[in-house]
>>> print(open('protein.pdb').read())   # PDB, C-alpha atoms
MODEL        1
ATOM      1  CA  MET A 185      -5.112  -1.170  -2.806
ATOM      2  CA  VAL A 186      -2.945  -1.625   0.286
ATOM      3  CA  ILE A 187       0.732  -2.531   0.141
ATOM      4  CA  GLY A 188       2.197  -3.824   3.350
ATOM      5  CA  ILE A 189       3.523  -6.616   5.446
ATOM      6  CA  TRP A 190       0.923  -8.283   7.629
ATOM      7  CA  CYS A 191       3.051  -9.566  10.477
ATOM      8  CA  SER A 192       0.297 -10.899  12.706
ATOM      9  CA  THR A 193      -3.328 -11.975  12.622
ATOM     10  CA  PHE A 194      -4.332  -9.362  15.214
ATOM     11  CA  PRO A 195      -3.799  -5.611  14.861
ATOM     12  CA  ASP A 196      -0.970  -4.723  17.212
ATOM     13  CA  PRO A 197      -0.282  -0.960  17.132
ATOM     14  CA  ASP A 198       2.654  -1.147  19.542
ATOM     15  CA  LYS A 199       4.473  -3.307  16.977
ATOM     16  CA  SER A 200       3.574  -1.220  13.945
ATOM     17  CA  HIS A 201       7.249  -0.807  13.041
ATOM     18  CA  SER A 202       9.190  -3.260  15.174
ATOM     19  CA  ALA A 203       7.231  -6.255  13.827
ATOM     20  CA  TYR A 204       9.055  -5.858  10.524
ATOM     21  CA  PHE A 205      12.162  -7.172  12.263
ATOM     22  CA  GLU A 206      10.344 -10.427  12.998
ATOM     23  CA  ASN A 207       9.647 -10.929   9.277
ATOM     24  CA  ARG A 208      12.033 -13.191   7.366
ATOM     25  CA  GLN A 209      11.830 -11.260   4.068
ATOM     26  CA  VAL A 210      12.600  -7.924   5.719
ATOM     27  CA  ILE A 211      15.634  -9.348   7.534
ATOM     28  CA  GLU A 212      16.898 -10.950   4.313
ATOM     29  CA  ASP A 213      16.532  -7.665   2.423
ATOM     30  CA  LEU A 214      18.263  -5.655   5.158
ATOM     31  CA  THR A 215      21.116  -8.173   5.322
ATOM     32  CA  ARG A 216      21.688  -7.918   1.566
ATOM     33  CA  ILE A 217      21.524  -4.107   1.668
ATOM     34  CA  ILE A 218      23.752  -3.560   4.702
ATOM     35  CA  PHE A 219      26.293  -6.375   4.551
ATOM     36  CA  LYS A 220      26.449  -7.300   0.876
ATOM     37  CA  ASP A 221      26.138  -3.697  -0.366
ATOM     38  CA  GLU A 222      23.331  -4.602  -2.766
ATOM     39  CA  HIS A 223      20.857  -1.980  -3.979
ATOM     40  CA  ASN A 224      23.409   0.791  -3.456
ATOM     41  CA  PHE A 225      22.312   3.798  -5.510
ATOM     42  CA  ALA A 226      25.909   5.049  -5.649
ATOM     43  CA  LYS A 227      26.761   1.923  -7.645
ATOM     44  CA  ALA A 228      23.730   1.997  -9.957
ATOM     45  CA  PRO A 229      24.390   0.763 -13.489
ATOM     46  CA  LEU A 230      25.097   3.527 -15.967
ATOM     47  CA  ILE A 231      22.849   3.795 -19.022
ATOM     48  CA  PRO A 232      24.629   5.560 -21.883
ATOM     49  CA  LYS A 233      23.231   9.058 -22.579
ATOM     50  CA  LYS A 234      20.534   8.594 -19.918
ATOM     51  CA  GLY A 235      22.288   8.424 -16.591
ATOM     52  CA  ARG A 236      22.027   5.898 -13.801
ATOM     53  CA  ASP A 237      19.437   3.118 -13.724
ATOM     54  CA  TYR A 238      18.079   3.610 -10.209
ATOM     55  CA  SER A 239      14.817   1.768 -10.844
ATOM     56  CA  SER A 240      16.690  -1.536 -11.237
ATOM     57  CA  LEU A 241      17.877  -1.237  -7.626
ATOM     58  CA  LYS A 242      14.510  -0.608  -6.012
ATOM     59  CA  LEU A 243      12.877  -3.293  -3.912
ATOM     60  CA  GLY A 244       9.205  -4.003  -3.717
ATOM     61  CA  PRO A 245       6.452  -3.473  -3.846
ATOM     62  CA  GLY A 246       6.181  -6.485  -1.565
ATOM     63  CA  LYS A 247       3.004  -8.476  -1.349
ATOM     64  CA  VAL A 248       0.096  -6.493  -2.764
ATOM     65  CA  GLU A 249      -3.107  -6.879  -0.778
ATOM     66  CA  HIS A 250      -6.221  -5.657  -2.540
ATOM     67  CA  HIS A 251      -8.127  -5.733   0.716
ATOM     68  CA  ILE A 252      -7.487  -5.604   4.413
ATOM     69  CA  PRO A 253      -7.748  -9.142   5.875
ATOM     70  CA  MET A 254     -11.221  -9.907   7.233
ATOM     71  CA  THR A 255      -9.965 -10.584  10.763
ATOM     72  CA  ILE A 256      -8.370  -7.130  10.920
ATOM     73  CA  GLN A 257     -11.640  -5.554   9.724
ATOM     74  CA  VAL A 258     -13.731  -7.450  12.283
ATOM     75  CA  TYR A 259     -11.400  -6.548  15.145
ATOM     76  CA  GLY A 260     -11.514  -2.914  14.030
ATOM     77  CA  ILE A 261     -15.320  -2.834  14.023
ATOM     78  CA  ILE A 262     -15.464  -4.475  17.449
ATOM     79  CA  ALA A 263     -12.894  -2.023  18.847
ATOM     80  CA  ILE A 264     -14.910   0.923  17.535
ATOM     81  CA  ALA A 265     -18.127  -0.488  19.027
ATOM     82  CA  ILE A 266     -16.805  -0.760  22.605
ATOM     83  CA  PRO A 267     -16.759   2.946  23.544
ATOM     84  CA  TRP A 268     -20.064   3.541  21.766
ATOM     85  CA  LEU A 269     -21.739   0.697  23.653
ATOM     86  CA  ALA A 270     -20.350   2.039  26.927
ATOM     87  CA  PHE A 271     -21.582   5.544  26.037
ATOM     88  CA  LEU A 272     -25.007   4.143  25.140
ATOM     89  CA  GLY A 273     -25.105   2.359  28.496
ATOM     90  CA  LEU A 274     -24.316   5.619  30.303
ATOM     91  CA  VAL A 275     -27.002   7.536  28.394
ATOM     92  CA  LEU A 276     -29.576   4.820  29.067
ATOM     93  CA  GLN A 277     -28.569   4.825  32.736
ATOM     94  CA  LEU A 278     -28.968   8.612  32.828
ATOM     95  CA  PHE A 279     -32.503   8.339  31.458
ATOM     96  CA  LYS A 280     -33.242   5.450  33.844
ATOM     97  CA  VAL A 281     -34.288   3.020  31.117
ATOM     98  CA  PRO A 282     -34.802  -0.321  32.882
ATOM     99  CA  THR A 283     -32.367  -3.178  32.002
ATOM    100  CA  ALA A 284     -31.167  -1.478  28.780
ATOM    101  CA  PRO A 285     -27.954  -0.111  30.369
ATOM    102  CA  ASN A 286     -27.093  -3.597  31.574
ATOM    103  CA  VAL A 287     -27.499  -4.948  28.043
ATOM    104  CA  ALA A 288     -25.297  -2.201  26.567
ATOM    105  CA  PHE A 289     -22.596  -2.665  29.217
ATOM    106  CA  SER A 290     -22.755  -6.454  28.788
ATOM    107  CA  LEU A 291     -22.299  -6.108  25.032
ATOM    108  CA  ALA A 292     -19.326  -3.781  25.588
ATOM    109  CA  LEU A 293     -17.747  -6.325  27.947
ATOM    110  CA  LEU A 294     -18.427  -9.152  25.476
ATOM    111  CA  ALA A 295     -16.769  -7.131  22.702
ATOM    112  CA  LEU A 296     -13.786  -6.464  24.958
ATOM    113  CA  ALA A 297     -13.550 -10.183  25.776
ATOM    114  CA  ILE A 298     -13.576 -11.015  22.050
ATOM    115  CA  LEU A 299     -10.760  -8.536  21.424
ATOM    116  CA  LEU A 300      -8.673  -9.853  24.313
ATOM    117  CA  THR A 301      -9.193 -13.442  23.147
ATOM    118  CA  GLY A 302      -8.188 -12.500  19.593
ATOM    119  CA  TRP A 303      -5.111 -10.717  20.911
ATOM    120  CA  ALA A 304      -4.100 -13.745  23.023
ATOM    121  CA  VAL A 305      -4.621 -16.169  20.132
ATOM    122  CA  GLY A 306      -2.695 -13.874  17.759
ATOM    123  CA  ARG A 307       0.206 -13.621  20.199
ATOM    124  CA  SER A 308       0.298 -17.394  20.707
ATOM    125  CA  LYS A 309       0.536 -17.970  16.932
ATOM    126  CA  GLY A 310       3.523 -15.628  16.671
ATOM    127  CA  PRO A 311       4.555 -13.764  13.512
ATOM    128  CA  ARG A 312       3.177 -14.896  10.151
ATOM    129  CA  HIS A 313       6.620 -15.156   8.541
ATOM    130  CA  PRO A 314       9.043 -15.822  11.406
ATOM    131  CA  ILE A 315      12.779 -15.579  11.076
TER     132      ILE A 315
ENDMDL
END
>>> encode(input="protein.pdb", output="structure tokens")
Amino acid sequence: MVIGIWCSTFPDPDKSHSAYFENRQVIEDLTRIIFKDEHNFAKAPLIPKKGRDYSSLKLGPGKVEHHIPMTIQVYGIIAIAIPWLAFLGLVLQLFKVPTAPNVAFSLALLALAILLTGWAVGRSKGPRHPI
């Protein structure tokens, strides 16, 4: 089970944390916490003979995903295949296997083109839950 916020349709490691600030729910939660002083553990309700009720102030768990979205999985497999295809092409070139290196390098370039296209399409769609 994975708990998280999927902010885009394409894996974007450089936005692994900053993309949260493009998500409407995260901004709403932060606004309530910072400006309206909600979910303040110092002001937790007191339960007689038990102490403070901190669990009532916790947020989450967010949207529970029981699987990683298929597009993310496919992009991950393609990204892993690129260096291996390039390595295979180099090995085949080293052993002077006719035309096989060209096929391996062509497949690596095709995989790279698929990733770049997916990245461009994902960027053009913008965040999944914009502000």
>>> atom_distance(input="protein.pdb", atom1="atom CA of Asp196 of chain A", atom2="atom CA of Arg307 of chain A")
9.5 Å
>>> closest_residue(input="protein.pdb", among="A:Gln277, A:Gln209, A:Asn286, A:Thr255", to="Leu299 of chain A", atoms="all atoms listed in the file")
A:Thr255
>>> closest_residue(input="protein.pdb", among="A:Ser308, A:Ser240, A:Thr215, A:Ser290", to="Lys227 of chain A", atoms="all atoms listed in the file")
A:Ser240
>>> resolve_selection(input="protein.pdb", expression="the PyMOL selection byres ((chain A and resi 273) around 12)", output="list in words")
Ile266, Pro267, Trp268, Leu269, Ala270, Phe271, Leu272, Leu274, Val275, Leu276, Gln277, Leu278, Phe279, Lys280, Val281, Pro282, Thr283, Ala284, Pro285, Asn286, Val287, Ala288, Phe289, Ser290, Leu291, Ala292 and Leu293 of chain A
>>> atom_distance(input="protein.pdb", atom1="atom CA of Arg208 of chain A", atom2="atom CA of Gly310 of chain A")
12.8 Å
>>> atom_distance(input="protein.pdb", atom1="atom CA of Thr301 of chain A", atom2="atom CA of Phe194 of chain A")
10.2 Å
>>> residues_around(input="protein.pdb", residues="Asp237 of chain A", least_positions_apart="3", cutoff="12 Å", atoms="all atoms listed in the file", output="PyMOL selection string")
chain A and resi 223-234+240-242
>>> closest_residue(input="protein.pdb", among="A:Gly235, A:Gly260, A:Pro197, A:Pro253", to="Ile298 of chain A", atoms="only C-alpha atoms")
A:Gly260
>>> residues_around(input="protein.pdb", residues="Thr193 of chain A", least_positions_apart="4", cutoff="12 Å", atoms="only C-alpha atoms", output="ChimeraX atom specification")
/A:189,252-259,302-313
>>> write_last_selection(input="protein.pdb", atoms="C-alpha atoms", output="tab-separated table (two decimals), in the coordinates of the input")
chain	number	residue	atom	x	y	z
A	189	ILE	CA	3.52	-6.62	5.45
A	252	ILE	CA	-7.49	-5.60	4.41
A	253	PRO	CA	-7.75	-9.14	5.88
A	254	MET	CA	-11.22	-9.91	7.23
A	255	THR	CA	-9.96	-10.58	10.76
A	256	ILE	CA	-8.37	-7.13	10.92
A	257	GLN	CA	-11.64	-5.55	9.72
A	258	VAL	CA	-13.73	-7.45	12.28
A	259	TYR	CA	-11.40	-6.55	15.14
A	302	GLY	CA	-8.19	-12.50	19.59
A	303	TRP	CA	-5.11	-10.72	20.91
A	304	ALA	CA	-4.10	-13.74	23.02
A	305	VAL	CA	-4.62	-16.17	20.13
A	306	GLY	CA	-2.70	-13.87	17.76
A	307	ARG	CA	0.21	-13.62	20.20
A	308	SER	CA	0.30	-17.39	20.71
A	309	LYS	CA	0.54	-17.97	16.93
A	310	GLY	CA	3.52	-15.63	16.67
A	311	PRO	CA	4.56	-13.76	13.51
A	312	ARG	CA	3.18	-14.90	10.15
A	313	HIS	CA	6.62	-15.16	8.54
